[in-house]
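Asker: The structure's right below; bear with me while I get my questions together.
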Amino acid sequence: MFTSKRIKEWYPPKFWWNSFEELEEMRQLRSFVQGHRVLASRVDTLVGTAFNAQRRDLAGLVRLLVYELVLANGSWTFGQESFDVAYERLEAELLVETITCTDFAPFLGFDGSQDIEGEEIAAGVVLRRMTDKEISIAVQRAATPIEQYLSPQTIQVSRFNQWALTAEHTHPLRTGDESLTPPPAAPVLPIYADVLPSIVAAIRLVCGGSATTSYAIRTDSLGEGYSAALTPIGPTDPLRPTVLAGKATLDRIRSAYQHLTNPVVTADRPLSTATRQVVLAGSRGLVQDRLLNLITAAEALFITRLNLRDPNGRKSVLLQSGAADMLTGDQALGAPTAENVRKLIKAVYQWRNAEVHGSAHPTAPLRRLDGTVTNDLSAVATDLDAMMRRALLRTLGDAIQGTRSRQRQPLQPSVRSQTGRSTTSRVDSGHRRRRS
């Protein structure tokens with residue numbers, strides 16, 4: 001639960017607040033600052049980075065210092081201790097040579113164990129819980145959804161929406177009012193935008209679920225507001241959050257990320273297609289759509305990637321064979337038998353054909369990976385999702401090592417095919433033709 005922060009305010013007397021520039025002490029201070037080799041370029045001018053600067057006035061700094069002192073002391077009485085604290089903070093801000101920007105993309109539908117918080121998941125990208133201030137900004141920008149309004153001043157944010165992928169980058173301080181033509185472009189927001197899809201894919205392949213990133217937000221060490229990018233937000237299913245527990249799992253995610261960004265994998269189109277379809281499946285709200293994406297991934301992985309064909313056009317047979325060859329006895333899946341793998345694929349593919357063509361679904365029940373009979377599409381989708389994520393992780397490792405499952409020979413045409421039924425045959429790497 002988050003509630004509005006009670007802030008202690010002070011309303012300064014206008015007769016002093018608006019006329020203190022006329023004080024002799026203020027004139028002496030301004031004269032000293034203008035003669036200082038560093039401070040002269042840090043006040044009454046633009047201060048920030050080359051792509052984002054704000055004007056900093058000496059009068060505003062003095063007002064802020066007095067404001068903090070009166071609040072700290074509760075009166076106009078001067079306190080040396082409170083002054084030293086406030087002035088030390090002010091001086092440190094005036095003398096900095098660099099500005100640190102923090103980019104964070106709220107990670108929706110995700111939760112992690114305490115031991116993985118603050119760990120680097122990719123070069124420079126850290127996975128951690130957002131601070132209260134970051135959650136406040138994310139809620140204001142609609143980057144983090146509000147679970148419930150408990151009162152006019154209190155909201156509830158799900159624990160599955162309080163993490164973020166973050167990165168820090170440092171830039172030299174820029175001062176001065178000279179115009180920049182053309183103005184330099186700000187770094188892409190977030191700074192790790194090019195690798196973000198691969199990070200999310202690695203997390204989803206290892207942990208499952210439906211976690212996705214939201215609008216990226218940037219803050220800086222000067223505290224001068226923030227900026228946000230209206231990047232696309234993928235859907236997430238609150239009933240299927242992604243949970244990352246333990247450093248061993250985090251190491252598997254790092255390994256998967258390295259594989260996904262390897263040129264060997266990015267150049268492997270069937271493997272990339274299968275990965276994208278499995279990630280899309282995790283975001284689907286309708287179980288029917290999840291199953292369609294997963295079967296599409298299976299076709300790319302077990303048929304297209306192995307360059308297989310069946311003269312009788314029986315894709316289901318190829319899928320059953322490919323899945324059984326790879327996943328039979330896999331301990332991560334509970335050591336399923338070849339028969340159970342084949343029956344699950346066969347039943348799901350029959351369902352898929354009916355769904356795609358708008359036909360009546362088969363009356364025969366579906367099968368789960370442990371061999372049980374069911375009519376629960378969600379349960380079957382859960383099993384197929386686990387199968388495809390496991391198959392992809394194994395295939396990614398094989399692709400990096402330069403190995404590929406042995407290419408099976410095309411199945412022989414049946415008697416029915418030889419007597420005149422039209423069949424499909426692969427002619428080259430990407431085209432098909434029909435023949436009688």
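In the structure tokens, chains take the letters A, B, ... in the order shown, each chain's residues start at 1, and ligands count up from 1 in the order shown.
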What's the 7 Å shell around segment 280-286 of chain A, counting only C-alpha atoms, without same-chain residues fewer than 5 positions away, as a short mmCIF file (atom, residue, chain, number, x, y, z; two decimals) with N, CA, C and O atoms, in the first residue's frame?
Answerer:
data_model
loop_
_atom_site.label_atom_id
_atom_site.label_comp_id
_atom_site.auth_asym_id
_atom_site.auth_seq_id
_atom_site.Cartn_x
_atom_site.Cartn_y
_atom_site.Cartn_z
N GLY A 209 5.57 -17.80 -17.47
CA GLY A 209 4.77 -16.66 -17.06
C GLY A 209 4.55 -15.66 -18.18
O GLY A 209 4.71 -15.97 -19.37
N SER A 210 4.20 -14.43 -17.79
CA SER A 210 3.80 -13.43 -18.79
C SER A 210 4.40 -12.06 -18.53
O SER A 210 3.86 -11.05 -18.96
N PRO A 235 0.88 -7.14 -23.35
CA PRO A 235 -0.07 -7.57 -22.32
C PRO A 235 0.57 -8.55 -21.35
O PRO A 235 1.52 -9.26 -21.70
N THR A 236 0.09 -8.58 -20.15
CA THR A 236 0.54 -9.54 -19.15
C THR A 236 -0.68 -10.14 -18.47
O THR A 236 -1.70 -9.45 -18.28
N ASP A 237 -0.61 -11.40 -18.13
CA ASP A 237 -1.73 -12.11 -17.50
C ASP A 237 -1.50 -12.15 -16.00
O ASP A 237 -0.56 -12.79 -15.52
N ASN A 293 -0.09 -20.07 -30.86
CA ASN A 293 1.30 -19.60 -30.91
C ASN A 293 2.29 -20.74 -30.62
O ASN A 293 3.33 -20.84 -31.27
N LEU A 294 1.96 -21.57 -29.67
CA LEU A 294 2.86 -22.65 -29.29
C LEU A 294 3.00 -23.69 -30.41
O LEU A 294 4.10 -24.20 -30.67
#
Asker: Where in segment 44-248 of chain A does DSSP assign alpha helix (DSSP H), given as JSON, numbers by chain?
Answerer: {"A": [58, 59, 60, 61, 62, 63, 64, 65, 66, 67, 68, 69, 70, 71, 72, 73, 80, 81, 82, 83, 84, 85, 86, 87, 88, 89, 90, 91, 92, 93, 94, 95, 132, 133, 134, 135, 136, 137, 138, 139, 140, 196, 197, 198, 199, 200, 201, 202, 203, 204, 205, 206, 207, 247, 248]}
Asker: Using only C-alpha atoms, determine which residues lie at most 8 Å from Asp385 of chain A, disregarding the query and same-chain residues fewer than 2 positions distant; provide the list as a VMD selection string.
Answerer: chain A and resid 208 278 294 381 to 383 387 to 389
Asker: Using only N, CA and C atoms, please write the residues we just selected to a file, as an mmCIF file, in the first residue's frame.
Answerer:
data_model
loop_
_atom_site.group_PDB
_atom_site.id
_atom_site.type_symbol
_atom_site.label_atom_id
_atom_site.label_comp_id
_atom_site.auth_asym_id
_atom_site.auth_seq_id
_atom_site.Cartn_x
_atom_site.Cartn_y
_atom_site.Cartn_z
ATOM 1 N N GLY A 208 9.017 -18.906 -17.545
ATOM 2 C CA GLY A 208 7.630 -18.944 -17.982
ATOM 3 C C GLY A 208 6.888 -17.688 -17.563
ATOM 4 N N VAL A 278 6.873 -18.409 -28.842
ATOM 5 C CA VAL A 278 6.721 -18.866 -27.456
ATOM 6 C C VAL A 278 6.587 -17.673 -26.516
ATOM 7 N N LEU A 294 1.955 -21.572 -29.669
ATOM 8 C CA LEU A 294 2.864 -22.651 -29.293
ATOM 9 C C LEU A 294 2.997 -23.688 -30.406
ATOM 10 N N ALA A 381 -2.243 -26.287 -22.278
ATOM 11 C CA ALA A 381 -1.392 -25.168 -22.689
ATOM 12 C C ALA A 381 -0.198 -25.024 -21.745
ATOM 13 N N THR A 382 -0.406 -25.259 -20.453
ATOM 14 C CA THR A 382 0.690 -25.191 -19.486
ATOM 15 C C THR A 382 1.751 -26.237 -19.800
ATOM 16 N N ASP A 383 1.303 -27.471 -20.120
ATOM 17 C CA ASP A 383 2.249 -28.541 -20.449
ATOM 18 C C ASP A 383 2.990 -28.237 -21.752
ATOM 19 N N MET A 387 7.004 -27.667 -22.450
ATOM 20 C CA MET A 387 7.713 -28.456 -23.457
ATOM 21 C C MET A 387 8.465 -27.571 -24.442
ATOM 22 N N MET A 388 7.801 -26.545 -24.949
ATOM 23 C CA MET A 388 8.422 -25.704 -25.957
ATOM 24 C C MET A 388 9.543 -24.849 -25.367
ATOM 25 N N ARG A 389 9.377 -24.364 -24.142
ATOM 26 C CA ARG A 389 10.449 -23.584 -23.526
ATOM 27 C C ARG A 389 11.669 -24.466 -23.298
#
Asker: Closest to Ala185 of chain A among A:Met326, A:Ala50, A:Leu292, A:Val279, using only C-alpha atoms?
Answerer: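 Selected residue with least distance to Ala185 of chain A: A:Ala50.
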Asker: Given only C-alpha atoms, how would the per-residue table for segment 232-303 of chain A near segment 110-129 of chain A read, listing every residue at most 9 Å away with its closest atom pair and distance in Å to one decimal, sorted by chain and number, as a Markdown table?
Answerer:
| residue | atom | partner | partner_atom | distance |
| --- | --- | --- | --- | --- |
| A:Pro241 | CA | A:Phe110 | CA | 5.6 |
| A:Thr242 | CA | A:Phe110 | CA | 4.8 |
| A:Val243 | CA | A:Asp111 | CA | 5.0 |
| A:Leu244 | CA | A:Gly112 | CA | 4.6 |
| A:Ala245 | CA | A:Ser113 | CA | 4.9 |
| A:Gly246 | CA | A:Ser113 | CA | 6.4 |
| A:Lys247 | CA | A:Ile116 | CA | 5.9 |
| A:Leu250 | CA | A:Ile116 | CA | 7.3 |
| A:Asp251 | CA | A:Ile121 | CA | 8.5 |
| A:Ile253 | CA | A:Ile121 | CA | 7.7 |
| A:Arg254 | CA | A:Ile121 | CA | 6.0 |
| A:Tyr257 | CA | A:Ala122 | CA | 7.7 |
| A:Gln258 | CA | A:Ala122 | CA | 8.5 |
Asker: Identify, on the basis of only C-alpha atoms, every residue whose closest approach to Ala229 of chain A does not exceed 10 Å; exclude the query and any residue fewer than 4 positions from it along the same chain; express the result as an mmCIF file with C-alpha atoms, in the first residue's frame.
Answerer:
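The resulting around.cif:
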data_model
loop_
_atom_site.group_PDB
_atom_site.id
_atom_site.type_symbol
_atom_site.label_atom_id
_atom_site.label_comp_id
_atom_site.auth_asym_id
_atom_site.auth_seq_id
_atom_site.Cartn_x
_atom_site.Cartn_y
_atom_site.Cartn_z
ATOM 1 C CA ALA A 105 11.503 0.102 -17.144
ATOM 2 C CA ARG A 141 3.015 8.067 -15.815
ATOM 3 C CA ALA A 143 3.667 2.857 -16.345
ATOM 4 C CA VAL A 188 17.711 6.210 -26.514
ATOM 5 C CA LEU A 189 15.302 5.599 -23.627
ATOM 6 C CA PRO A 190 15.976 3.177 -22.082
ATOM 7 C CA SER A 214 6.264 -0.974 -19.345
ATOM 8 C CA TYR A 215 7.068 2.648 -20.258
ATOM 9 C CA ALA A 216 10.753 3.412 -19.703
ATOM 10 C CA ILE A 217 11.498 6.368 -17.406
ATOM 11 C CA ARG A 218 14.686 8.414 -16.917
#
Asker: Find the spatial neighbours of Asn73 of chain A, counting only C-alpha atoms, within a cut-off of 8 Å - ignore same-chain residues fewer than 5 positions away - and output them as a list of chain:residue names.
Answerer: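 The neighbour list is A:Phe78, A:Gly79, A:Ser82.
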Asker: Within 12 Å of Ala40 of chain A, counting only C-alpha atoms, which residues show up once you throw out same-chain ones fewer than 2 positions away? Write them as a PyMOL selection string, please.
Answerer: chain A and resi 29-38+42-47+56-58+94-95+175-176
Asker: Record the distance separating atom CA of Trp76 of chain A and atom CA of Lys5 of chain A, expressed in Å with one decimal.
Answerer: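 So the two atoms, atom CA of Trp76 of chain A and atom CA of Lys5 of chain A, lie 24.9 Å apart.
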Asker: Restricting the calculation to only C-alpha atoms: of A:Gln153, A:Thr213, A:Thr266, A:Ser221, which residue gets closest to Thr166 of chain A?
Answerer: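 For Thr166 of chain A, the nearest of the given residues is A:Thr213.
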Asker: Compile the contact shell of segment 167-172 of chain A as a PDB file with N, CA and C atoms, in the first residue's frame: residues with an atom at most 7 Å away, counting only C-alpha atoms, same-chain residues fewer than 5 positions apart removed.
Answerer:
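Saved as selection_14.pdb:
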ATOM      1  N   THR A  49      23.000  18.294 -18.788  1.00  0.00           N
ATOM      2  CA  THR A  49      23.739  17.571 -19.814  1.00  0.00           C
ATOM      3  C   THR A  49      23.577  18.289 -21.150  1.00  0.00           C
ATOM      4  N   GLU A  97      31.008  17.218 -11.450  1.00  0.00           N
ATOM      5  CA  GLU A  97      31.512  17.323 -12.820  1.00  0.00           C
ATOM      6  C   GLU A  97      30.730  16.431 -13.782  1.00  0.00           C
ATOM      7  N   THR A  98      29.974  15.511 -13.241  1.00  0.00           N
ATOM      8  CA  THR A  98      29.200  14.594 -14.084  1.00  0.00           C
ATOM      9  C   THR A  98      27.784  14.456 -13.543  1.00  0.00           C
ATOM     10  N   ILE A  99      26.895  14.018 -14.408  1.00  0.00           N
ATOM     11  CA  ILE A  99      25.502  13.761 -14.038  1.00  0.00           C
ATOM     12  C   ILE A  99      25.183  12.306 -14.370  1.00  0.00           C
ATOM     13  N   THR A 100      24.591  11.622 -13.412  1.00  0.00           N
ATOM     14  CA  THR A 100      24.223  10.223 -13.598  1.00  0.00           C
ATOM     15  C   THR A 100      22.730  10.114 -13.880  1.00  0.00           C
ATOM     16  N   CYS A 101      22.409   9.506 -15.002  1.00  0.00           N
ATOM     17  CA  CYS A 101      21.012   9.249 -15.354  1.00  0.00           C
ATOM     18  C   CYS A 101      20.661   7.800 -15.018  1.00  0.00           C
ATOM     19  N   THR A 102      19.472   7.604 -14.518  1.00  0.00           N
ATOM     20  CA  THR A 102      18.980   6.264 -14.213  1.00  0.00           C
ATOM     21  C   THR A 102      17.770   5.970 -15.085  1.00  0.00           C
ATOM     22  N   ASP A 103      17.884   4.967 -15.918  1.00  0.00           N
ATOM     23  CA  ASP A 103      16.764   4.507 -16.748  1.00  0.00           C
ATOM     24  C   ASP A 103      16.154   3.276 -16.091  1.00  0.00           C
ATOM     25  N   PHE A 104      14.838   3.287 -15.923  1.00  0.00           N
ATOM     26  CA  PHE A 104      14.193   2.092 -15.384  1.00  0.00           C
ATOM     27  C   PHE A 104      12.900   1.816 -16.136  1.00  0.00           C
ATOM     28  N   GLY A 124      25.434  -4.122 -17.708  1.00  0.00           N
ATOM     29  CA  GLY A 124      24.931  -2.823 -17.283  1.00  0.00           C
ATOM     30  C   GLY A 124      23.470  -2.776 -16.914  1.00  0.00           C
ATOM     31  N   VAL A 125      22.733  -3.864 -17.067  1.00  0.00           N
ATOM     32  CA  VAL A 125      21.284  -3.892 -16.787  1.00  0.00           C
ATOM     33  C   VAL A 125      21.057  -4.662 -15.497  1.00  0.00           C
ATOM     34  N   VAL A 126      20.442  -4.001 -14.529  1.00  0.00           N
ATOM     35  CA  VAL A 126      20.240  -4.565 -13.192  1.00  0.00           C
ATOM     36  C   VAL A 126      18.754  -4.808 -12.962  1.00  0.00           C
TER      37      VAL A 126
END
Asker: Please indicate the distance in Å from atom CA of Leu150 of chain A to atom CA of Trp163 of chain A, rounded to one decimal place.
Answerer: 21.7 Å
Asker: Which residue out of A:Ser321, A:Ser4, A:Gln28, A:Asn52 has the minimum interatomic distance to Pro183 of chain A when only C-alpha atoms are used?
Answerer: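 Closest to Pro183 of chain A, using only C-alpha atoms: A:Asn52.
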Asker: Could you pull out the residues in segment 19-252 of chain A that DSSP calls strand (DSSP E) from the backbone, as a ChimeraX atom specification?
Answerer: /A:45-49,52-56,98-108,110-112,119-122,125-129,148-151,154-156,163-172,174-175,212-213,216-220,226-229,242-244
Asker: Which residue is closest to Val139 of chain A? Choose from A:Ser272, A:Gln156, A:Ser151, A:Ser255 and count only C-alpha atoms.
Answerer: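 Under the stated criterion, the closest residue is A:Gln156.
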